[in-house]
$ cat target.cif   # mmCIF, C-alpha atoms
data_protein
loop_
_atom_site.label_atom_id
_atom_site.label_comp_id
_atom_site.auth_asym_id
_atom_site.auth_seq_id
_atom_site.Cartn_x
_atom_site.Cartn_y
_atom_site.Cartn_z
CA MET N 1 0.00 0.00 0.00
CA GLN N 2 0.90 3.64 -0.20
CA LEU N 3 0.56 5.86 2.81
CA ARG N 4 0.09 9.60 2.66
CA VAL N 5 2.12 11.16 5.47
CA LEU N 6 2.05 14.75 6.72
CA ALA N 7 5.40 16.16 7.81
CA PHE N 8 6.01 19.27 9.90
CA GLY N 9 8.91 21.46 10.98
CA VAL N 10 12.34 20.02 10.43
CA ALA N 11 10.77 16.70 9.35
CA ARG N 12 9.18 18.51 6.40
CA ASP N 13 12.60 19.79 5.34
CA ILE N 14 14.12 16.31 5.69
CA MET N 15 11.30 14.54 3.81
CA GLY N 16 11.13 17.18 1.10
CA GLY N 17 7.49 18.15 1.49
CA SER N 18 4.58 18.58 3.87
CA ASN N 19 2.58 15.78 2.25
CA VAL N 20 4.62 12.75 1.21
CA LEU N 21 3.58 9.43 -0.29
CA VAL N 22 5.40 6.48 1.30
CA PRO N 23 5.18 3.16 -0.54
CA LEU N 24 4.98 0.19 1.81
CA PRO N 25 5.23 -3.53 1.31
CA GLY N 26 2.11 -5.36 2.49
CA ALA N 27 -1.35 -4.18 3.39
CA THR N 28 -0.93 -3.45 7.08
CA ILE N 29 1.77 -1.76 9.12
CA THR N 30 2.35 -0.65 12.68
CA VAL N 31 3.59 2.76 13.77
CA GLY N 32 6.93 1.20 14.77
CA GLN N 33 7.34 -0.39 11.32
CA LEU N 34 6.49 2.89 9.62
CA LYS N 35 9.13 4.67 11.72
CA LYS N 36 11.74 2.09 10.68
CA ARG N 37 10.76 2.49 7.04
CA LEU N 38 10.99 6.28 7.27
CA LEU N 39 14.41 6.09 8.93
CA GLN N 40 15.64 3.93 6.02
CA LYS N 41 14.18 6.30 3.45
CA TYR N 42 15.19 9.54 5.23
CA PRO N 43 18.33 8.82 7.30
CA PRO N 44 18.65 12.39 8.70
CA LEU N 45 15.50 11.69 10.77
CA LYS N 46 17.71 9.69 13.14
CA ASP N 47 19.63 12.86 14.04
CA LEU N 48 16.49 14.32 15.67
CA ALA N 49 16.23 14.10 19.45
CA SER N 50 13.03 12.18 18.82
CA PHE N 51 10.20 11.92 16.40
CA MET N 52 6.67 10.84 17.09
CA VAL N 53 3.91 9.61 14.84
CA ALA N 54 0.37 10.89 15.22
CA VAL N 55 -2.54 8.81 13.97
CA ASN N 56 -5.77 10.75 13.46
CA ASP N 57 -4.61 13.72 15.57
CA SER N 58 -3.31 11.67 18.52
CA TYR N 59 0.17 10.53 19.50
CA ALA N 60 0.48 6.82 18.72
CA ASP N 61 2.53 4.01 20.31
CA ASP N 62 4.80 1.86 18.16
CA ALA N 63 2.40 -1.07 18.52
CA GLU N 64 -0.59 0.77 17.05
CA SER N 65 -1.58 -0.44 13.59
CA ILE N 66 -2.25 1.96 10.76
CA LYS N 67 -5.11 1.75 8.27
CA PRO N 68 -4.76 3.27 4.79
CA THR N 69 -7.52 5.77 5.60
CA ASP N 70 -5.83 7.08 8.76
CA GLU N 71 -4.32 10.56 8.83
CA ILE N 72 -0.65 10.06 9.64
CA ALA N 73 1.68 12.86 10.72
CA ILE N 74 5.37 12.94 11.57
CA ILE N 75 5.93 15.04 14.68
CA PRO N 76 9.53 16.13 15.27
CA PRO N 77 10.35 17.66 18.69
CA VAL N 78 7.81 20.44 19.26
CA SER N 79 8.87 23.99 20.12
CA GLY N 80 5.78 26.09 20.69
CA GLY N 81 5.31 28.72 23.37
CA MET Z 1 -14.93 28.48 31.06
CA ILE Z 2 -12.30 26.96 28.82
CA GLU Z 3 -11.25 28.80 25.69
CA ILE Z 4 -8.55 27.65 23.26
CA ALA Z 5 -7.30 29.32 20.09
CA VAL Z 6 -4.48 28.80 17.61
CA THR Z 7 -4.46 31.82 15.35
CA ASN Z 8 -2.30 33.78 12.90
CA LYS Z 9 -3.79 37.06 14.17
CA VAL Z 10 -1.90 39.40 16.52
CA LEU Z 11 -2.54 38.53 20.19
CA SER Z 12 -3.66 41.25 22.56
CA LEU Z 13 -3.56 41.01 26.33
CA ALA Z 14 -7.17 42.21 26.27
CA VAL Z 15 -8.29 38.60 25.68
CA SER Z 16 -7.21 37.75 29.23
CA GLU Z 17 -10.19 39.83 30.44
CA LYS Z 18 -12.33 36.87 29.40
CA VAL Z 19 -11.36 35.05 32.58
CA ALA Z 20 -12.45 37.98 34.76
CA ASP Z 21 -15.32 36.80 36.91
CA PRO Z 22 -16.60 37.96 40.28
CA ALA Z 23 -15.89 34.47 41.66
CA ASN Z 24 -12.21 34.69 40.68
CA GLY Z 25 -10.14 36.27 43.41
CA ALA Z 26 -6.98 35.47 41.45
CA VAL Z 27 -6.10 35.66 37.77
CA ASP Z 28 -2.67 34.42 36.74
CA ILE Z 29 -1.44 35.38 33.28
CA PHE Z 30 1.56 34.04 31.41
CA ILE Z 31 2.77 35.76 28.25
CA GLY Z 32 5.39 34.34 25.93
CA ALA Z 33 6.87 36.86 23.48
CA VAL Z 34 9.47 37.01 20.73
CA ARG Z 35 12.82 38.17 22.13
CA ASN Z 36 15.27 40.14 20.04
CA GLN Z 37 18.25 37.82 20.46
CA THR Z 38 19.15 34.22 21.25
CA ASP Z 39 22.60 33.55 22.72
CA GLY Z 40 23.83 36.84 21.31
CA ARG Z 41 22.49 36.31 17.77
CA LYS Z 42 20.10 38.99 16.59
CA VAL Z 43 16.60 37.61 15.95
CA LEU Z 44 14.55 39.30 13.21
CA ARG Z 45 11.32 37.32 13.67
CA LEU Z 46 9.91 33.85 14.32
CA GLU Z 47 7.95 31.62 12.00
CA PHE Z 48 5.57 29.12 13.58
CA GLU Z 49 4.23 26.05 11.86
CA VAL Z 50 1.24 24.18 13.30
CA TYR Z 51 -0.64 20.93 12.90
CA GLN Z 52 -3.86 22.81 13.51
CA GLY Z 53 -6.40 20.15 14.44
CA MET Z 54 -4.06 18.24 16.69
CA ALA Z 55 -2.69 21.42 18.33
CA GLU Z 56 -6.19 22.49 19.34
CA LYS Z 57 -6.89 19.00 20.65
CA GLU Z 58 -3.68 18.91 22.73
CA LEU Z 59 -4.36 22.39 24.14
CA ARG Z 60 -7.86 21.28 25.08
CA LYS Z 61 -6.36 18.26 26.86
CA ILE Z 62 -4.05 20.55 28.85
CA ALA Z 63 -6.96 22.78 29.87
CA ASP Z 64 -9.09 19.78 30.87
CA THR Z 65 -6.24 18.42 33.01
CA MET Z 66 -5.76 21.82 34.70
CA VAL Z 67 -9.43 22.03 35.63
CA SER Z 68 -9.48 18.48 36.96
CA ARG Z 69 -6.23 18.81 38.93
CA TRP Z 70 -6.56 22.23 40.57
CA PRO Z 71 -9.47 24.23 42.00
CA ILE Z 72 -9.60 26.74 39.15
CA ARG Z 73 -12.62 28.06 37.27
CA ASP Z 74 -11.41 29.51 34.00
CA VAL Z 75 -8.67 28.74 31.49
CA LEU Z 76 -7.79 30.65 28.36
CA ILE Z 77 -4.92 29.57 26.09
CA TYR Z 78 -4.23 31.50 22.88
CA HIS Z 79 -1.25 30.59 20.69
CA ARG Z 80 -0.10 32.61 17.71
CA VAL Z 81 1.24 30.92 14.56
CA GLY Z 82 2.64 32.14 11.25
CA THR Z 83 5.15 34.99 11.18
CA VAL Z 84 5.58 36.75 14.53
CA GLU Z 85 7.70 39.87 14.93
CA VAL Z 86 10.07 40.75 17.79
CA GLY Z 87 8.12 41.98 20.81
CA GLU Z 88 4.84 40.41 19.71
CA LYS Z 89 3.09 37.87 21.89
CA VAL Z 90 3.35 34.18 21.00
CA VAL Z 91 1.23 32.72 23.75
CA ILE Z 92 -1.19 34.04 26.35
CA ILE Z 93 -2.35 31.77 29.16
CA ALA Z 94 -4.84 33.15 31.67
CA VAL Z 95 -6.11 31.17 34.63
CA GLY Z 96 -8.88 32.34 36.91
CA ALA Z 97 -9.38 30.83 40.35
CA GLU Z 98 -10.87 31.63 43.69
CA ARG Z 99 -7.37 31.74 45.22
CA ARG Z 100 -3.89 32.33 43.84
CA ASP Z 101 -2.02 29.10 44.63
CA ALA Z 102 -4.06 26.99 42.24
CA ALA Z 103 -3.91 29.65 39.53
CA PHE Z 104 -0.09 29.87 39.68
CA LEU Z 105 0.38 26.09 39.67
CA ALA Z 106 -2.07 25.45 36.85
CA CYS Z 107 -0.58 28.24 34.73
CA ARG Z 108 2.93 26.85 35.16
CA TYR Z 109 1.68 23.38 34.25
CA ALA Z 110 0.04 24.77 31.12
CA ILE Z 111 3.09 26.46 29.63
CA ASP Z 112 5.45 23.61 30.58
CA THR Z 113 3.15 20.97 29.07
CA LEU Z 114 2.41 23.05 25.98
CA LYS Z 115 6.12 23.14 25.23
CA GLN Z 116 6.28 19.33 25.41
CA THR Z 117 3.13 18.14 23.67
CA VAL Z 118 1.46 20.68 21.40
CA PRO Z 119 2.45 20.21 17.74
CA ILE Z 120 3.74 23.69 16.99
CA TRP Z 121 7.23 24.36 15.63
CA LYS Z 122 9.26 27.55 15.82
CA LYS Z 123 11.88 28.67 13.34
CA GLU Z 124 14.16 31.51 14.41
CA ILE Z 125 15.01 33.92 11.62
CA PHE Z 126 18.34 35.50 12.51
CA ALA Z 127 20.13 38.36 10.82
CA ASP Z 128 22.66 35.73 9.69
CA GLY Z 129 20.57 32.61 8.96
CA GLU Z 130 17.59 30.57 10.13
CA GLU Z 131 17.07 27.48 12.29
CA TRP Z 132 14.31 25.25 13.60
CA VAL Z 133 14.43 25.62 17.36
CA GLN Z 134 15.52 22.64 19.42
CA PRO Z 135 13.24 22.19 22.41
CA HIS Z 136 14.30 23.72 25.74
CA PRO Z 137 13.35 21.71 28.82
#
$ encode --input "target.cif" --output "structure tokens"
Amino acid sequence: MQLRVLAFGVARDIMGGSNVLVPLPGATITVGQLKKRLLQKYPPLKDLASFMVAVNDSYADDAESIKPTDEIAIIPPVSGG
Amino acid sequence: MIEIAVTNKVLSLAVSEKVADPANGAVDIFIGAVRNQTDGRKVLRLEFEVYQGMAEKELRKIADTMVSRWPIRDVLIYHRVGTVEVGEKVVIIAVGAERRDAAFLACRYAIDTLKQTVPIWKKEIFADGEEWVQPHP
């Protein structure tokens, strides 16, 4: 499947856009697997202090599984305020 | 009353009046603003990026936690996004309570948690370059 992923802040710079299509082997994937895949595809992500994945507007654990219809966002360390 | 906003419009301290209430003997206000330098480098302005829907949801979560954890009545959290000039306000948090202790504690919790969980990102535009800000604990 292909997953549409939103990227913000420094992650947007690293991934080359705010809305990136990520091709994935297989029909299902967990958040942890997606993170691994993204680190392979975009190695500079590993230089961040951390990055989180949000599924449908909520922070998601690595074990959470992703459906193709979910809204996925890459959340690098936040710096509001 | 809980009121949350993430906006690209200029923030005015006047919004903090919304937590004024005859039952509130204490109103604690925190203002975050754009400073003109960071570690000696001249800052021209900040640019804030936001994941709008999730940012509002996380701010709402913070406000709900404040109300459940401390005896406070009113919470207002406004966060500016987009381009923000030196001296302008980035965030206004106003907490109304019967007494001051709860208002101070809840306000401190709000800004500290906001900086850890709300998906907003700040880029500093310096006279000599630009950088995404690394989080400060």
$ closest_residue --input "target.cif" --among "N:Ile75, N:Met1, N:Leu6, N:Val55" --to "N:Val31" --atoms "only C-alpha atoms"
N:Val55
$ closest_atom_pairs --input "target.cif" --of "chain N" --to "chain Z" --cutoff "9 Å" --atoms "all atoms listed in the file" --output "Markdown table"
| residue | atom | partner | partner_atom | distance |
| --- | --- | --- | --- | --- |
| N:Phe8 | CA | Z:Glu49 | CA | 7.3 |
| N:Gly9 | CA | Z:Trp121 | CA | 5.7 |
| N:Val10 | CA | Z:Trp132 | CA | 6.4 |
| N:Ala49 | CA | Z:Gln134 | CA | 8.6 |
| N:Ala54 | CA | Z:Met54 | CA | 8.7 |
| N:Asn56 | CA | Z:Met54 | CA | 8.3 |
| N:Asp57 | CA | Z:Met54 | CA | 4.7 |
| N:Ser58 | CA | Z:Met54 | CA | 6.9 |
| N:Ala73 | CA | Z:Tyr51 | CA | 8.7 |
| N:Ile75 | CA | Z:Pro119 | CA | 6.9 |
| N:Pro76 | CA | Z:Pro119 | CA | 8.5 |
| N:Pro77 | CA | Z:Pro135 | CA | 6.5 |
| N:Val78 | CA | Z:Trp121 | CA | 5.4 |
| N:Ser79 | CA | Z:Trp121 | CA | 4.8 |
| N:Gly80 | CA | Z:Ile120 | CA | 4.9 |
| N:Gly81 | CA | Z:Val91 | CA | 5.7 |
$ resolve_selection --input "target.cif" --expression "the PyMOL selection byres ((chain Z and resi 15) around 9)" --output "list in words"
Leu11, Ser12, Leu13, Ala14, Ser16, Glu17, Lys18, Val19, Leu76, Tyr78, Ile92 and Ala94 of chain Z
$ resolve_selection --input "target.cif" --expression "the PyMOL selection byres ((chain Z and resi 103) around 10)" --output "list in words"
Asn24, Gly25, Ala26, Val27, Asp28, Ile29, Met66, Trp70, Pro71, Ile72, Arg73, Asp74, Val75, Ala94, Val95, Gly96, Ala97, Glu98, Arg99, Arg100, Asp101, Ala102, Phe104, Leu105, Ala106, Cys107, Arg108 and Tyr109 of chain Z
$ atom_distance --input "target.cif" --atom1 "atom CA of N:Ala27" --atom2 "atom CA of N:Leu3"
10.2 Å
$ resolve_selection --input "target.cif" --expression "the PyMOL selection byres ((chain N and resi 23) around 12)" --output "PyMOL selection string"
chain N and resi 1-5+20-22+24-29+34+37-38+41+68
$ atom_distance --input "target.cif" --atom1 "atom CA of N:Met15" --atom2 "atom CA of N:Tyr42"
6.5 Å
$ atom_distance --input "target.cif" --atom1 "atom CA of Z:Ala20" --atom2 "atom CA of Z:Leu59"
20.5 Å
$ residues_around --input "target.cif" --residues "Z:Val86" --least-positions-apart "6" --cutoff "12 Å" --atoms "all atoms listed in the file" --output "JSON, numbers by chain"
{"Z": [32, 33, 34, 35, 36, 37, 38, 42, 43, 44, 45, 46, 47, 124, 125, 126]}
$ write_last_selection --input "target.cif" --atoms "C-alpha atoms" --output "PDB file, in the coordinates of the input"
ATOM      1  CA  GLY Z  32       5.390  34.340  25.930  1.00  0.00           C
ATOM      2  CA  ALA Z  33       6.870  36.860  23.480  1.00  0.00           C
ATOM      3  CA  VAL Z  34       9.470  37.010  20.730  1.00  0.00           C
ATOM      4  CA  ARG Z  35      12.820  38.170  22.130  1.00  0.00           C
ATOM      5  CA  ASN Z  36      15.270  40.140  20.040  1.00  0.00           C
ATOM      6  CA  GLN Z  37      18.250  37.820  20.460  1.00  0.00           C
ATOM      7  CA  THR Z  38      19.150  34.220  21.250  1.00  0.00           C
ATOM      8  CA  LYS Z  42      20.100  38.990  16.590  1.00  0.00           C
ATOM      9  CA  VAL Z  43      16.600  37.610  15.950  1.00  0.00           C
ATOM     10  CA  LEU Z  44      14.550  39.300  13.210  1.00  0.00           C
ATOM     11  CA  ARG Z  45      11.320  37.320  13.670  1.00  0.00           C
ATOM     12  CA  LEU Z  46       9.910  33.850  14.320  1.00  0.00           C
ATOM     13  CA  GLU Z  47       7.950  31.620  12.000  1.00  0.00           C
ATOM     14  CA  GLU Z 124      14.160  31.510  14.410  1.00  0.00           C
ATOM     15  CA  ILE Z 125      15.010  33.920  11.620  1.00  0.00           C
ATOM     16  CA  PHE Z 126      18.340  35.500  12.510  1.00  0.00           C
TER      17      PHE Z 126
END
